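K.L.:
Coordinates in entry24.cif, mmCIF, C-alpha atoms, are listed below.
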data_input
loop_
_atom_site.label_atom_id
_atom_site.label_comp_id
_atom_site.auth_asym_id
_atom_site.auth_seq_id
_atom_site.Cartn_x
_atom_site.Cartn_y
_atom_site.Cartn_z
CA MET A 1 -29.01 178.51 52.69
CA ASN A 2 -31.22 178.49 55.77
CA ASN A 3 -31.40 182.27 56.08
CA ILE A 4 -34.93 183.56 55.67
CA LYS A 5 -35.39 185.06 52.22
CA THR A 6 -36.51 188.70 52.40
CA GLU A 7 -35.86 190.00 48.87
CA PHE A 8 -37.80 188.87 45.81
CA THR A 9 -37.62 189.50 42.07
CA ILE A 10 -40.72 190.17 40.01
CA LYS A 11 -40.33 186.61 38.72
CA ASP A 12 -40.57 185.38 42.31
CA LEU A 13 -43.78 187.36 42.68
CA GLU A 14 -45.13 185.80 39.51
CA ASN A 15 -44.19 182.30 40.73
CA PHE A 16 -45.92 182.83 44.07
CA SER A 17 -49.07 184.61 42.94
CA GLY A 18 -49.70 183.26 39.47
CA ILE A 19 -50.09 186.88 38.34
CA LYS A 20 -48.03 187.59 35.22
CA ALA A 21 -45.11 189.97 35.63
CA HIS A 22 -46.62 192.24 32.96
CA THR A 23 -49.86 192.54 34.97
CA ILE A 24 -47.94 193.18 38.19
CA ARG A 25 -46.11 196.07 36.51
CA ILE A 26 -49.42 197.53 35.28
CA TRP A 27 -50.96 197.30 38.77
CA GLU A 28 -47.82 198.84 40.20
CA LYS A 29 -47.79 201.75 37.74
CA ARG A 30 -51.52 202.40 37.47
CA TYR A 31 -52.70 201.69 41.01
CA ASN A 32 -49.50 201.95 43.07
CA ILE A 33 -50.25 198.48 44.45
CA LEU A 34 -46.60 197.73 45.18
CA GLN A 35 -43.59 199.87 46.06
CA PRO A 36 -40.43 198.10 44.90
CA ASN A 37 -36.97 198.96 46.16
CA ARG A 38 -33.98 199.40 43.89
CA THR A 39 -30.41 198.23 44.09
CA GLU A 40 -27.48 200.60 43.53
CA SER A 41 -27.51 199.48 39.89
CA ASN A 42 -31.22 200.44 39.66
CA ILE A 43 -32.56 196.87 39.53
CA ARG A 44 -35.99 196.52 41.14
CA TYR A 45 -36.59 194.10 43.96
CA TYR A 46 -39.45 193.50 46.38
CA ASP A 47 -39.47 192.86 50.10
CA ILE A 48 -41.67 190.32 51.86
CA SER A 49 -44.35 192.90 52.64
CA ASN A 50 -44.76 193.50 48.89
CA LEU A 51 -45.10 189.78 48.26
CA GLN A 52 -47.61 189.39 51.08
CA LYS A 53 -49.64 192.31 49.76
CA LEU A 54 -49.68 190.89 46.22
CA LEU A 55 -51.00 187.55 47.51
CA ASN A 56 -53.72 189.39 49.42
CA VAL A 57 -54.58 191.47 46.36
CA SER A 58 -54.73 188.42 44.06
CA LEU A 59 -56.93 186.58 46.58
CA LEU A 60 -59.46 189.43 46.77
CA ASN A 61 -59.33 190.00 43.02
CA ALA A 62 -59.97 186.32 42.29
CA ASN A 63 -63.04 186.54 44.52
CA GLY A 64 -64.69 189.34 42.61
CA LEU A 65 -63.25 192.60 43.98
CA LYS A 66 -62.03 194.95 41.26
CA ILE A 67 -58.38 195.93 41.33
CA SER A 68 -59.33 199.63 41.42
CA LYS A 69 -61.34 199.05 44.61
CA ILE A 70 -58.61 196.94 46.18
CA ALA A 71 -56.08 199.72 45.52
CA GLU A 72 -58.19 202.11 47.59
CA LEU A 73 -58.09 199.90 50.69
CA PRO A 74 -55.66 200.91 53.45
CA GLU A 75 -53.23 198.18 54.50
CA SER A 76 -55.13 197.28 57.68
CA LYS A 77 -58.43 196.99 55.79
CA LEU A 78 -56.79 194.90 53.07
CA ASN A 79 -55.49 192.38 55.61
CA ALA A 80 -58.81 192.36 57.48
CA SER A 81 -60.74 191.72 54.25
CA VAL A 82 -58.56 188.72 53.43
CA ARG A 83 -58.96 187.21 56.89
CA GLU A 84 -62.72 187.78 56.74
CA LEU A 85 -62.89 186.10 53.34
CA VAL A 86 -60.87 183.11 54.53
CA THR A 87 -62.82 182.79 57.78
CA LYS A 88 -66.30 183.06 56.28
CA ASN A 89 -65.98 181.30 52.95
CA GLY A 90 -63.03 178.98 53.24
CA VAL A 91 -62.16 180.00 49.65
CA ASP A 92 -61.39 176.49 48.45
CA SER A 93 -60.15 177.66 45.08
CA GLN A 94 -57.81 180.17 46.71
CA ALA A 95 -56.68 178.05 49.67
CA SER A 96 -53.19 177.84 48.16
CA ASN A 97 -52.75 181.61 48.53
CA SER A 98 -53.88 181.46 52.14
CA LEU A 99 -51.40 178.66 52.82
CA LYS A 100 -48.63 180.65 51.14
CA LEU A 101 -49.39 183.65 53.35
CA SER A 102 -49.33 181.40 56.39
CA MET A 103 -45.98 179.98 55.28
CA LEU A 104 -44.37 183.34 54.53
CA ASN A 105 -45.53 184.88 57.82
CA PHE A 106 -44.96 181.71 59.87
CA ASP A 107 -48.60 182.26 60.81
CA GLU A 108 -49.98 179.12 62.44
CA ASN A 109 -53.29 180.81 63.19
CA LEU A 110 -53.97 181.57 59.53
CA PHE A 111 -53.06 178.00 58.63
CA ASN A 112 -55.56 176.67 61.18
CA ILE A 113 -58.31 178.99 59.94
CA THR A 114 -57.72 177.86 56.36
CA TYR A 115 -57.54 174.17 57.30
CA ASN A 116 -60.64 174.28 59.52
CA ASN A 117 -62.67 175.91 56.76
CA LEU A 118 -61.52 173.31 54.27
CA ILE A 119 -62.18 170.36 56.56
CA ALA A 120 -65.64 171.71 57.39
CA GLN A 121 -66.54 171.34 53.71
CA SER A 122 -64.55 168.22 52.72
CA SER A 123 -62.92 165.10 54.11
CA LEU A 124 -59.21 164.97 54.93
CA ARG A 125 -58.85 162.72 51.88
CA ASP A 126 -60.29 165.41 49.59
CA VAL A 127 -58.33 168.21 51.27
CA PHE A 128 -55.09 166.27 50.95
CA LYS A 129 -55.73 165.29 47.33
CA ASN A 130 -57.19 168.55 46.03
CA ILE A 131 -55.41 171.15 48.17
CA PHE A 132 -52.32 169.84 49.95
CA ILE A 133 -50.76 167.77 47.15
CA PRO A 134 -50.96 170.58 44.53
CA PHE A 135 -49.77 173.08 47.14
CA LEU A 136 -46.80 170.93 48.17
CA ASN A 137 -45.87 170.40 44.52
CA GLU A 138 -46.00 174.15 44.02
CA ILE A 139 -43.84 175.01 47.03
CA GLY A 140 -41.41 172.31 45.92
CA LEU A 141 -40.96 174.25 42.69
CA LEU A 142 -40.69 177.53 44.63
CA TRP A 143 -37.90 175.98 46.70
CA GLN A 144 -36.11 174.76 43.57
CA VAL A 145 -36.03 178.27 42.09
CA ASN A 146 -34.94 179.72 45.45
CA SER A 147 -38.16 181.67 46.03
CA ILE A 148 -38.52 180.18 49.52
CA THR A 149 -36.09 178.72 52.04
CA PRO A 150 -36.11 175.35 53.83
CA ALA A 151 -37.42 177.15 56.93
CA HIS A 152 -40.63 178.04 55.08
CA GLU A 153 -41.03 174.53 53.70
CA HIS A 154 -40.40 172.84 57.05
CA PHE A 155 -42.84 175.13 58.84
CA ILE A 156 -45.77 174.41 56.54
CA THR A 157 -45.12 170.70 56.06
CA ASN A 158 -44.90 170.19 59.82
CA LEU A 159 -48.29 171.87 60.26
CA ILE A 160 -49.79 169.57 57.62
CA LYS A 161 -48.20 166.55 59.32
CA GLN A 162 -49.78 167.60 62.61
CA LYS A 163 -53.24 167.55 61.05
CA ILE A 164 -52.71 164.13 59.49
CA SER A 165 -51.34 162.80 62.81
CA ILE A 166 -54.41 164.02 64.69
CA ASN A 167 -56.64 162.10 62.29
CA ILE A 168 -54.41 159.02 62.58
CA GLU A 169 -54.70 159.09 66.35
CA ARG A 170 -58.50 159.09 66.11
CA LEU A 171 -58.47 156.06 63.82
CA GLN A 172 -56.09 154.19 66.11
CA LEU A 173 -58.77 154.16 68.81
CA SER A 174 -60.52 151.44 66.76
CA SER A 175 -59.22 147.92 66.19
CA PRO A 176 -58.36 146.69 62.67
CA THR A 177 -61.15 145.02 60.72
CA ASN A 178 -59.24 143.93 57.62
CA PHE A 179 -56.68 141.18 58.18
CA ASP A 180 -55.74 140.34 54.59
CA LYS A 181 -52.35 142.01 55.02
CA VAL A 182 -50.23 143.75 57.64
CA PHE A 183 -48.78 146.93 56.19
CA VAL A 184 -45.38 148.17 57.36
CA LEU A 185 -44.49 151.70 56.28
CA TYR A 186 -40.93 153.01 56.29
CA LEU A 187 -38.49 155.35 54.54
CA PRO A 188 -35.02 154.29 53.36
CA LEU A 189 -31.88 155.21 55.26
CA ASN A 190 -31.34 159.02 55.24
CA GLU A 191 -34.78 159.68 53.71
CA ILE A 192 -36.75 162.19 55.79
CA HIS A 193 -39.59 163.27 53.45
CA GLU A 194 -42.39 161.43 55.19
CA LEU A 195 -45.55 163.43 54.47
CA GLY A 196 -46.81 161.17 51.68
CA LEU A 197 -46.04 158.04 53.69
CA LEU A 198 -47.79 159.45 56.76
CA TYR A 199 -50.88 160.13 54.67
CA LEU A 200 -50.81 156.53 53.39
CA HIS A 201 -50.72 155.38 57.03
CA PHE A 202 -53.95 157.34 57.57
CA GLU A 203 -55.57 155.78 54.49
CA LEU A 204 -54.63 152.24 55.48
CA LEU A 205 -56.08 152.72 58.95
CA LEU A 206 -59.19 154.23 57.38
CA HIS A 207 -59.52 151.06 55.27
CA GLY A 208 -59.39 148.96 58.45
CA TYR A 209 -55.92 147.49 57.95
CA GLN A 210 -53.27 147.01 60.60
CA SER A 211 -50.64 149.57 59.65
CA ILE A 212 -47.27 149.74 61.39
CA TYR A 213 -45.45 153.02 60.89
CA LEU A 214 -41.66 152.84 61.25
CA GLY A 215 -41.04 156.33 59.83
CA GLN A 216 -37.83 157.93 58.64
CA SER A 217 -34.40 156.53 57.80
CA VAL A 218 -34.87 152.78 58.37
CA PRO A 219 -32.00 150.44 57.42
CA VAL A 220 -33.12 147.52 55.24
CA ALA A 221 -31.83 144.97 57.74
CA ASN A 222 -34.21 146.30 60.40
CA LEU A 223 -37.22 145.22 58.33
CA ASN A 224 -36.45 141.63 59.29
CA ASP A 225 -37.31 142.46 62.91
CA VAL A 226 -40.93 142.99 61.90
CA GLN A 227 -40.98 139.70 60.00
CA LYS A 228 -40.15 137.91 63.23
CA VAL A 229 -43.53 139.02 64.60
CA TYR A 230 -45.88 139.18 61.60
CA ASN A 231 -46.63 137.15 58.49
CA ASN A 232 -48.20 138.26 55.22
CA ILE A 233 -46.51 141.66 55.33
CA CYS A 234 -46.70 144.34 52.68
CA PHE A 235 -43.90 146.86 53.11
CA ILE A 236 -44.50 150.32 51.65
CA SER A 237 -41.74 152.86 51.07
CA TYR A 238 -41.72 156.35 49.60
CA LEU A 239 -38.53 157.16 47.66
CA THR A 240 -38.12 160.93 47.26
CA VAL A 241 -34.36 161.62 47.42
CA GLU A 242 -33.07 158.27 48.66
CA PRO A 243 -31.55 155.89 47.79
CA SER A 244 -28.89 158.22 46.41
CA ARG A 245 -25.90 155.91 46.31
CA LEU A 246 -27.84 153.10 44.65
CA THR A 247 -30.25 153.07 41.75
CA VAL A 248 -33.83 152.12 42.59
CA LEU A 249 -33.27 148.78 40.89
CA GLU A 250 -30.19 148.14 43.03
CA TYR A 251 -32.13 149.09 46.15
CA ILE A 252 -34.95 146.71 45.18
CA ASP A 253 -32.38 143.98 44.69
CA VAL A 254 -31.03 144.55 48.21
CA VAL A 255 -34.53 144.43 49.72
CA ASN A 256 -35.50 141.40 47.66
CA ASN A 257 -32.42 139.41 48.67
CA SER A 258 -32.21 140.37 52.34
CA VAL A 259 -35.88 140.78 53.30
CA LEU A 260 -38.24 139.15 50.79
CA ASN A 261 -36.11 136.10 50.06
CA ASN A 262 -37.84 132.80 50.84
CA ASN A 263 -41.16 134.33 51.92
CA GLU A 264 -44.36 135.62 50.34
CA ASN A 265 -44.15 139.16 51.70
CA GLU A 266 -44.28 142.14 49.33
CA ILE A 267 -42.94 145.64 48.93
CA TRP A 268 -44.82 148.50 47.28
CA LEU A 269 -42.82 151.54 46.20
CA LEU A 270 -43.72 155.04 45.10
CA GLY A 271 -42.26 158.53 45.06
CA LYS A 272 -40.15 160.74 42.82
CA LYS A 273 -37.34 158.20 42.42
CA VAL A 274 -39.82 155.53 41.34
CA SER A 275 -41.68 157.78 38.88
CA GLU A 276 -38.37 158.65 37.17
CA MET A 277 -37.60 154.99 36.44
CA ASN A 278 -37.81 153.77 32.86
CA GLU A 279 -37.00 150.11 33.55
CA LYS A 280 -39.71 147.48 33.97
CA LEU A 281 -39.61 144.94 36.78
CA ASP A 282 -40.51 141.27 36.64
CA LEU A 283 -40.64 140.50 40.34
CA PRO A 284 -43.99 139.22 41.63
CA ASN A 285 -43.46 140.53 45.16
CA VAL A 286 -42.46 144.08 44.11
CA LYS A 287 -44.98 146.66 42.87
CA MET A 288 -44.35 150.26 41.87
CA PHE A 289 -46.89 153.06 41.72
CA ASP A 290 -46.75 156.51 40.16
CA SER A 291 -49.15 158.09 42.66
CA ILE A 292 -50.85 157.64 46.00
CA GLU A 293 -54.20 157.41 44.21
CA ASN A 294 -53.08 154.45 42.10
CA LEU A 295 -51.66 152.67 45.13
CA LEU A 296 -54.95 153.07 46.99
CA LYS A 297 -56.78 151.42 44.08
CA GLU A 298 -54.80 148.28 44.86
CA LEU A 299 -56.33 147.96 48.35
#
Can I see the file as structure tokens?

P.N.:
Amino acid sequence: MNNIKTEFTIKDLENFSGIKAHTIRIWEKRYNILQPNRTESNIRYYDISNLQKLLNVSLLNANGLKISKIAELPESKLNASVRELVTKNGVDSQASNSLKLSMLNFDENLFNITYNNLIAQSSLRDVFKNIFIPFLNEIGLLWQVNSITPAHEHFITNLIKQKISINIERLQLSSPTNFDKVFVLYLPLNEIHELGLLYLHFELLLHGYQSIYLGQSVPVANLNDVQKVYNNICFISYLTVEPSRLTVLEYIDVVNNSVLNNNENEIWLLGKKVSEMNEKLDLPNVKMFDSIENLLKEL
């Protein structure tokens, strides 16, 4: 499962590029844009260089260069034109393609060029909301249909986490200014998908709150250790794949009985597991949110 994927179907190419398979076949036949390989049973497949080239072609085409002109570019000029476009313009609307190329090539330099251009034009908040969240949703779907491997996903998410962490470190140089609540951020036991939670940590610090980040895979019982030090706590947890052995309601019941019992502290929950719930809660110290944006409105 962790082997790097090197062979792609035309459906994979469509998923990655957003270019319809029918159009890809026309470009391939009319302009010789791609050179697919064939299996012994004569089924076409594409290698990673074909996928990378298609992403480059779609990026240039979306920015006004005709497909006939793109087809005339030698490979070195094609790659140089894409890098020049990314470097000079930032190409906000096509940043996803640049991030995909970075991911496929394990190209940290291209990621940094793309990120620096984006952050020069927008705040981290806007970049995360308008670029990173849609991109992460898209690569999540690509992973589900086996178009990328966990190695690709881990590479790109770790780069994004690095950028958020750098911004967090800058904010931590200042003392809190908002003392209404102490926020404690954690993930349930065996949960490791922390990108959304890490971004919330940044937002809370940006709002002037004291935010304590416990991170991945925290047993419920350990939350009581924080309550020995602080009052008026709001715990926040992001439920993506965990809890898996309990329902969300059962997990809330555990937290409510072992952590929130006999105090006025709260827990706020969000994530895929929460958004899939149909049940309604009637617990005053438990709140659920369907998005980061809606949680931030509560601050």

K.L.:
If you apply the PyMOL selection byres ((chain A and resi 291) around 10) to this file, what residues do you get, as a CSV table (one decimal) with C-alpha atoms, in the coordinates of the input?

P.N.:
chain,number,residue,atom,x,y,z
A,196,GLY,CA,-46.8,161.2,51.7
A,269,LEU,CA,-42.8,151.5,46.2
A,270,LEU,CA,-43.7,155.0,45.1
A,271,GLY,CA,-42.3,158.5,45.1
A,272,LYS,CA,-40.2,160.7,42.8
A,274,VAL,CA,-39.8,155.5,41.3
A,275,SER,CA,-41.7,157.8,38.9
A,288,MET,CA,-44.4,150.3,41.9
A,289,PHE,CA,-46.9,153.1,41.7
A,290,ASP,CA,-46.8,156.5,40.2
A,292,ILE,CA,-50.8,157.6,46.0
A,293,GLU,CA,-54.2,157.4,44.2
A,294,ASN,CA,-53.1,154.4,42.1
A,295,LEU,CA,-51.7,152.7,45.1
A,296,LEU,CA,-55.0,153.1,47.0

K.L.:
Output as a Markdown table one row per residue of segment 47-111 of chain A within 10 Å of segment 32-40 of chain A: the closest atom pair and its distance in Å to one decimal place, counting all atoms listed in the file, sorted by chain and residue number ascending.

P.N.:
| residue | atom | partner | partner_atom | distance |
| --- | --- | --- | --- | --- |
| A:Asp47 | CA | A:Pro36 | CA | 7.4 |
| A:Ser49 | CA | A:Leu34 | CA | 9.2 |
| A:Asn50 | CA | A:Leu34 | CA | 5.9 |
| A:Leu51 | CA | A:Leu34 | CA | 8.7 |
| A:Lys53 | CA | A:Leu34 | CA | 7.7 |
| A:Leu54 | CA | A:Leu34 | CA | 7.6 |
| A:Val57 | CA | A:Ile33 | CA | 8.5 |
| A:Ile67 | CA | A:Ile33 | CA | 9.1 |
| A:Ser68 | CA | A:Ile33 | CA | 9.6 |
| A:Ile70 | CA | A:Ile33 | CA | 8.7 |
| A:Ala71 | CA | A:Ile33 | CA | 6.1 |
| A:Glu72 | CA | A:Ile33 | CA | 9.3 |

K.L.:
Given only C-alpha atoms as the basis, pick out the residue of A:Glu84, A:Asp12, A:Glu264, A:Glu191 nearest to Pro243 of chain A.

P.N.:
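Answer, going by the shortest atom-to-atom distance: A:Glu191.
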
K.L.:
Once the PyMOL selection byres ((chain A and resi 165-177) around 9) is applied to the coordinates I shared, what remains selected? I want it as a list in words.

P.N.:
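After applying the PyMOL selection byres ((chain A and resi 165-177) around 9), what remains is Leu124, Ile160, Lys161, Gln162, Lys163, Ile164, Asn178, Phe179, Leu198, Tyr199, His201, Phe202, Glu203, Leu205, Leu206, His207, Gly208, Tyr209, Gln210 and Ser211 of chain A.
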
K.L.:
For Asn79 of chain A, which residue out of A:Gln94, A:Glu153, A:Leu55, A:Phe106 is the nearest one, using only C-alpha atoms?

P.N.:
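Nearest to Asn79 of chain A: A:Leu55.
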
K.L.:
Give me the residues within 9 Å of Asn190 of chain A as a PyMOL selection string, counting only C-alpha atoms and dropping any in the same chain fewer than 5 places off.

P.N.:
chain A and resi 216-219+241-243

K.L.:
Between atom CA of Phe155 of chain A and atom CA of Ser81 of chain A, measure the distance and give it in Å to one decimal.

P.N.:
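One can read the atom CA of Phe155 of chain A to atom CA of Ser81 of chain A distance as 24.8 Å.
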
K.L.:
As a PDB file with C-alpha atoms, in the coordinates of the input, please: the residues near Val259 of chain A (cut-off 9 Å, only C-alpha atoms, same-chain neighbours under 2 positions excluded).

P.N.:
ATOM      1  CA  VAL A 220     -33.120 147.520  55.240  1.00  0.00           C
ATOM      2  CA  ALA A 221     -31.830 144.970  57.740  1.00  0.00           C
ATOM      3  CA  LEU A 223     -37.220 145.220  58.330  1.00  0.00           C
ATOM      4  CA  ASN A 224     -36.450 141.630  59.290  1.00  0.00           C
ATOM      5  CA  GLN A 227     -40.980 139.700  60.000  1.00  0.00           C
ATOM      6  CA  VAL A 254     -31.030 144.550  48.210  1.00  0.00           C
ATOM      7  CA  VAL A 255     -34.530 144.430  49.720  1.00  0.00           C
ATOM      8  CA  ASN A 256     -35.500 141.400  47.660  1.00  0.00           C
ATOM      9  CA  ASN A 257     -32.420 139.410  48.670  1.00  0.00           C
ATOM     10  CA  ASN A 261     -36.110 136.100  50.060  1.00  0.00           C
ATOM     11  CA  ASN A 262     -37.840 132.800  50.840  1.00  0.00           C
ATOM     12  CA  ASN A 263     -41.160 134.330  51.920  1.00  0.00           C
ATOM     13  CA  ASN A 265     -44.150 139.160  51.700  1.00  0.00           C
TER      14      ASN A 265
END

K.L.:
I'd like the contact shell of Glu7 of chain A - 8 Å cut-off, all atoms listed in the file, skipping same-chain residues fewer than 2 positions apart - returned as a list in words.

P.N.:
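That gives Lys5, Thr9, Tyr45, Tyr46, Asp47 and Ile48 of chain A.
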
K.L.:
Find, counting only C-alpha atoms, the residue in A:Asn278, A:Asn109, A:Asn285, A:Thr247 that gets nearest to Leu159 of chain A.

P.N.:
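Using only C-alpha atoms, the shortest distance to Leu159 of chain A belongs to A:Asn109.
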
K.L.:
Could you please determine the separation between atom CA of Val286 of chain A and atom CA of Ile133 of chain A in Å, to one decimal place?

P.N.:
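Result for atom CA of Val286 of chain A versus atom CA of Ile133 of chain A: 25.3 Å, one decimal.
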
K.L.:
Within 7 Å of Tyr213 of chain A, counting all atoms listed in the file, which residues qualify if same-chain residues fewer than 4 places away don't, as a list of chain:residue names?

P.N.:
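Once the adjacent positions are removed, what remains is A:Val184, A:Leu185, A:Tyr186, A:His201.
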
K.L.:
With C-alpha atoms kept, could you save the residues just selected as a PDB file, in the coordinates of the input?

P.N.:
ATOM      1  CA  VAL A 184     -45.380 148.170  57.360  1.00  0.00           C
ATOM      2  CA  LEU A 185     -44.490 151.700  56.280  1.00  0.00           C
ATOM      3  CA  TYR A 186     -40.930 153.010  56.290  1.00  0.00           C
ATOM      4  CA  HIS A 201     -50.720 155.380  57.030  1.00  0.00           C
TER       5      HIS A 201
END

K.L.:
In Å, rounded to a single decimal, give me how far atom CA of Met103 of chain A is from atom CA of Tyr31 of chain A.

P.N.:
26.8 Å

K.L.:
Residues proximal to (-48.9, 180.2, 46.2) were defined as those with any atom within 7 Å of that point in the file's coordinates, counting all atoms listed in the file. Which are they, as a PyMOL selection string?

P.N.:
chain A and resi 16-17+96-97+100

K.L.:
Could you work out an axis-aligned box for segment 199-216 of chain A, taking every atom the file lists and adding 4 Å on each side, and report centre and edge lengths in Å to one decimal, as JSON?

P.N.:
{"center_x": -48.7, "center_y": 153.6, "center_z": 57.4, "size_x": 29.7, "size_y": 21.1, "size_z": 16.0}

K.L.:
Give me, as a compact mmCIF listing (two decimals) with C-alpha atoms, in the coordinates of the input, all polymer residues having an atom no more than 9 Å from Ile24 of chain A, counting only C-alpha atoms and skipping those fewer than 3 positions away in the same chain.

P.N.:
# COMPACT_ATOMS: atom_id res chain seq x y z
CA ILE A 10 -40.72 190.17 40.01
CA LEU A 13 -43.78 187.36 42.68
CA GLU A 14 -45.13 185.80 39.51
CA ILE A 19 -50.09 186.88 38.34
CA LYS A 20 -48.03 187.59 35.22
CA ALA A 21 -45.11 189.97 35.63
CA TRP A 27 -50.96 197.30 38.77
CA GLU A 28 -47.82 198.84 40.20
CA LYS A 29 -47.79 201.75 37.74
CA ILE A 33 -50.25 198.48 44.45
CA LEU A 34 -46.60 197.73 45.18
CA LEU A 54 -49.68 190.89 46.22
